[in-house]
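Colleague: Quick one: the structure is below, and I'll ask about it shortly.
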Amino acid sequence: MPHIELESHLPGITGLLEYRKDTGQPIRELTQILMRGSSTLTEGERELIATIVSHGNQCRFCTTAHTAAADLLLGEKATTRAVKEDIESAPVSGKMKALLAIAKATGKNGKLVTPQMVERAKAEGATDAELHDTVLIAALFSLYNRYVDGMATAMPDNEAYFDTLAERIVHHGYTRLPQGYDHLKQ
């Protein structure tokens, strides 16, 4: 049960962003830029970063949501499963392995990102912009993880909710739906 009264039809982060639209709006805008804006990292790769950070922070809602979005963007489920089990043996490029390791460290504590980790990523072809965005995405999703879990937001009753959420994330991005969320009420 959430620590504050939230709309019951909006589990997870959506209920929090709707509770305070004034604070939710800039968070949504930053997320949209990072996750769907111009980048040499694919949308699927950026969702993998959100997934590994959320998984490392043990945020069930965010891990499930971004795993579903990454799976949809990648067109398969094996990669997210492998990344969560062991980044180094996952079927991603050397550059993504290095960036995911940086993201995972950032999710715990930014000071865990070492010069060696950065050099490895650069040696694998990561640009300064990719390093920047990886750390910022990891920091942003750490905020989300702590926000969702710190407010004890509800998990959906039906796991299929995450398939619908993934569709919305992939096709609409992270901005607020123009019509709001009343259509989700049951």
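To be explicit about the labels: the chains of the structure tokens are called A, B, and onward in the order shown, and within each one the residues are counted from 1, while ligands get numbers from 1 in the order they are shown.
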Just list the residues in chain A DSSP gives helix (DSSP H, G or I) on the backbone, as JSON, numbers by chain.

Modeller: {"A": [12, 13, 14, 15, 16, 17, 18, 19, 21, 22, 23, 24, 25, 26, 27, 28, 29, 30, 31, 32, 33, 34, 35, 36, 43, 44, 45, 46, 47, 48, 49, 50, 51, 52, 53, 54, 55, 56, 60, 61, 62, 63, 64, 65, 66, 67, 68, 69, 70, 71, 72, 73, 74, 78, 79, 80, 81, 82, 83, 84, 85, 87, 88, 89, 94, 95, 96, 97, 98, 99, 100, 101, 102, 103, 104, 105, 106, 107, 108, 110, 111, 112, 115, 116, 117, 118, 119, 120, 121, 122, 123, 128, 129, 130, 131, 132, 133, 134, 135, 136, 137, 138, 139, 140, 141, 142, 143, 144, 145, 146, 147, 148, 149, 150, 161, 162, 163, 164, 165, 166, 167, 168, 169, 170, 171, 172, 182, 183, 184]}

Colleague: With C-alpha atoms retained, write the just-selected residues as a compact mmCIF listing (two decimals), in the first residue's frame.

Modeller:
# COMPACT_ATOMS: atom_id res chain seq x y z
CA GLY A 12 4.32 2.53 -10.06
CA ILE A 13 5.83 5.75 -11.27
CA THR A 14 2.81 6.96 -13.24
CA GLY A 15 0.77 7.50 -10.10
CA LEU A 16 3.59 9.54 -8.55
CA LEU A 17 4.10 11.67 -11.65
CA GLU A 18 0.37 12.34 -11.78
CA TYR A 19 0.23 13.15 -8.06
CA LYS A 21 2.32 17.07 -12.24
CA ASP A 22 4.48 20.14 -11.61
CA THR A 23 7.44 18.02 -10.48
CA GLY A 24 6.53 15.13 -12.78
CA GLN A 25 6.71 17.24 -15.95
CA PRO A 26 10.43 18.10 -15.83
CA ILE A 27 11.28 14.52 -14.87
CA ARG A 28 9.26 13.27 -17.85
CA GLU A 29 10.95 15.78 -20.17
CA LEU A 30 14.45 14.75 -19.09
CA THR A 31 13.53 11.08 -19.44
CA GLN A 32 12.11 11.68 -22.93
CA ILE A 33 15.30 13.43 -24.04
CA LEU A 34 17.57 10.74 -22.64
CA MET A 35 15.55 7.70 -23.65
CA ARG A 36 14.02 8.79 -26.95
CA GLU A 43 16.43 3.01 -27.77
CA GLY A 44 16.84 -0.68 -26.92
CA GLU A 45 20.32 -0.09 -25.54
CA ARG A 46 19.07 2.79 -23.42
CA GLU A 47 16.27 0.58 -22.08
CA LEU A 48 18.92 -2.02 -21.20
CA ILE A 49 20.66 0.65 -19.12
CA ALA A 50 17.37 1.42 -17.32
CA THR A 51 16.84 -2.31 -16.82
CA ILE A 52 20.26 -3.07 -15.34
CA VAL A 53 20.09 -0.10 -12.97
CA SER A 54 16.56 -0.93 -11.80
CA HIS A 55 17.49 -4.59 -11.41
CA GLY A 56 20.57 -3.67 -9.37
CA ARG A 60 10.56 -4.66 -9.07
CA PHE A 61 8.21 -2.23 -10.83
CA CYS A 62 10.94 -0.45 -12.81
CA THR A 63 12.85 -3.63 -13.60
CA THR A 64 9.74 -5.30 -15.00
CA ALA A 65 8.65 -2.20 -16.94
CA HIS A 66 12.01 -1.54 -18.60
CA THR A 67 12.70 -5.21 -19.23
CA ALA A 68 9.39 -5.34 -21.13
CA ALA A 69 10.25 -2.17 -23.08
CA ALA A 70 13.75 -3.44 -23.92
CA ASP A 71 12.35 -6.82 -24.98
CA LEU A 72 9.85 -5.11 -27.28
CA LEU A 73 12.51 -2.86 -28.82
CA LEU A 74 15.03 -5.69 -29.21
CA ALA A 78 17.08 -13.42 -24.13
CA THR A 79 19.23 -10.28 -24.00
CA THR A 80 17.55 -8.67 -21.00
CA ARG A 81 17.57 -11.97 -19.15
CA ALA A 82 21.28 -12.46 -19.88
CA VAL A 83 22.22 -8.87 -18.97
CA LYS A 84 20.52 -9.23 -15.58
CA GLU A 85 22.31 -12.53 -14.93
CA ILE A 87 26.71 -8.55 -18.17
CA GLU A 88 30.00 -10.04 -19.37
CA SER A 89 28.41 -13.11 -20.95
CA GLY A 94 31.88 -5.00 -25.93
CA LYS A 95 30.96 -1.33 -25.83
CA MET A 96 27.55 -2.10 -24.31
CA LYS A 97 29.10 -4.46 -21.76
CA ALA A 98 31.41 -1.65 -20.65
CA LEU A 99 28.58 0.92 -20.59
CA LEU A 100 26.26 -1.43 -18.70
CA ALA A 101 28.99 -2.02 -16.10
CA ILE A 102 29.28 1.75 -15.68
CA ALA A 103 25.50 2.06 -15.41
CA LYS A 104 25.33 -0.69 -12.81
CA ALA A 105 28.07 0.98 -10.75
CA THR A 106 26.42 4.39 -11.06
CA GLY A 107 23.13 2.90 -9.86
CA LYS A 108 24.81 1.95 -6.60
CA GLY A 110 28.62 7.22 -8.73
CA LYS A 111 32.00 6.97 -7.01
CA LEU A 112 32.10 3.30 -7.99
CA PRO A 115 38.89 5.51 -14.57
CA GLN A 116 39.55 1.92 -15.68
CA MET A 117 35.86 1.39 -16.41
CA VAL A 118 35.77 4.57 -18.48
CA GLU A 119 38.96 3.65 -20.34
CA ARG A 120 37.52 0.22 -21.12
CA ALA A 121 34.37 1.80 -22.53
CA LYS A 122 36.41 4.23 -24.64
CA ALA A 123 38.64 1.39 -25.87
CA ASP A 128 32.08 10.97 -24.47
CA ALA A 129 28.39 11.61 -25.19
CA GLU A 130 27.58 7.91 -24.69
CA LEU A 131 29.48 7.87 -21.39
CA HIS A 132 27.68 11.02 -20.27
CA ASP A 133 24.27 9.72 -21.23
CA THR A 134 24.88 6.30 -19.66
CA VAL A 135 25.74 7.88 -16.31
CA LEU A 136 22.84 10.34 -16.51
CA ILE A 137 20.34 7.60 -17.48
CA ALA A 138 21.65 5.47 -14.60
CA ALA A 139 21.35 8.37 -12.17
CA LEU A 140 17.85 9.21 -13.41
CA PHE A 141 16.62 5.64 -13.08
CA SER A 142 18.15 5.43 -9.62
CA LEU A 143 15.96 8.43 -8.78
CA TYR A 144 12.95 6.62 -10.24
CA ASN A 145 13.78 3.43 -8.33
CA ARG A 146 14.07 5.26 -5.03
CA TYR A 147 10.95 7.32 -5.75
CA VAL A 148 8.83 4.25 -6.60
CA ASP A 149 10.08 2.13 -3.70
CA GLY A 150 10.39 4.98 -1.21
CA TYR A 161 0.00 -4.55 -17.42
CA PHE A 162 3.71 -4.40 -18.23
CA ASP A 163 3.14 -5.45 -21.84
CA THR A 164 0.69 -2.57 -22.21
CA LEU A 165 3.10 -0.22 -20.45
CA ALA A 166 5.95 -1.32 -22.72
CA GLU A 167 3.80 -0.61 -25.79
CA ARG A 168 3.04 2.86 -24.41
CA ILE A 169 6.72 3.54 -23.64
CA VAL A 170 7.91 2.32 -27.03
CA HIS A 171 5.24 4.05 -29.09
CA HIS A 172 4.52 7.17 -27.04
CA ASP A 182 -8.52 8.15 -16.79
CA HIS A 183 -9.04 5.61 -19.58
CA LEU A 184 -7.07 3.15 -17.46

Colleague: Closest to Met155 (chain A) among A:Thr40, A:Glu5, A:Cys59, A:Pro91, using only C-alpha atoms?

Modeller: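 The answer is A:Cys59, which sits nearest to Met155 (chain A).
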
Colleague: Quick one: pull the distance between CA of Thr114 (chain A) and CA of Ala126 (chain A), Å, one decimal.

Modeller: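 About the pair CA of Thr114 (chain A) and CA of Ala126 (chain A): they are 15.1 Å apart.
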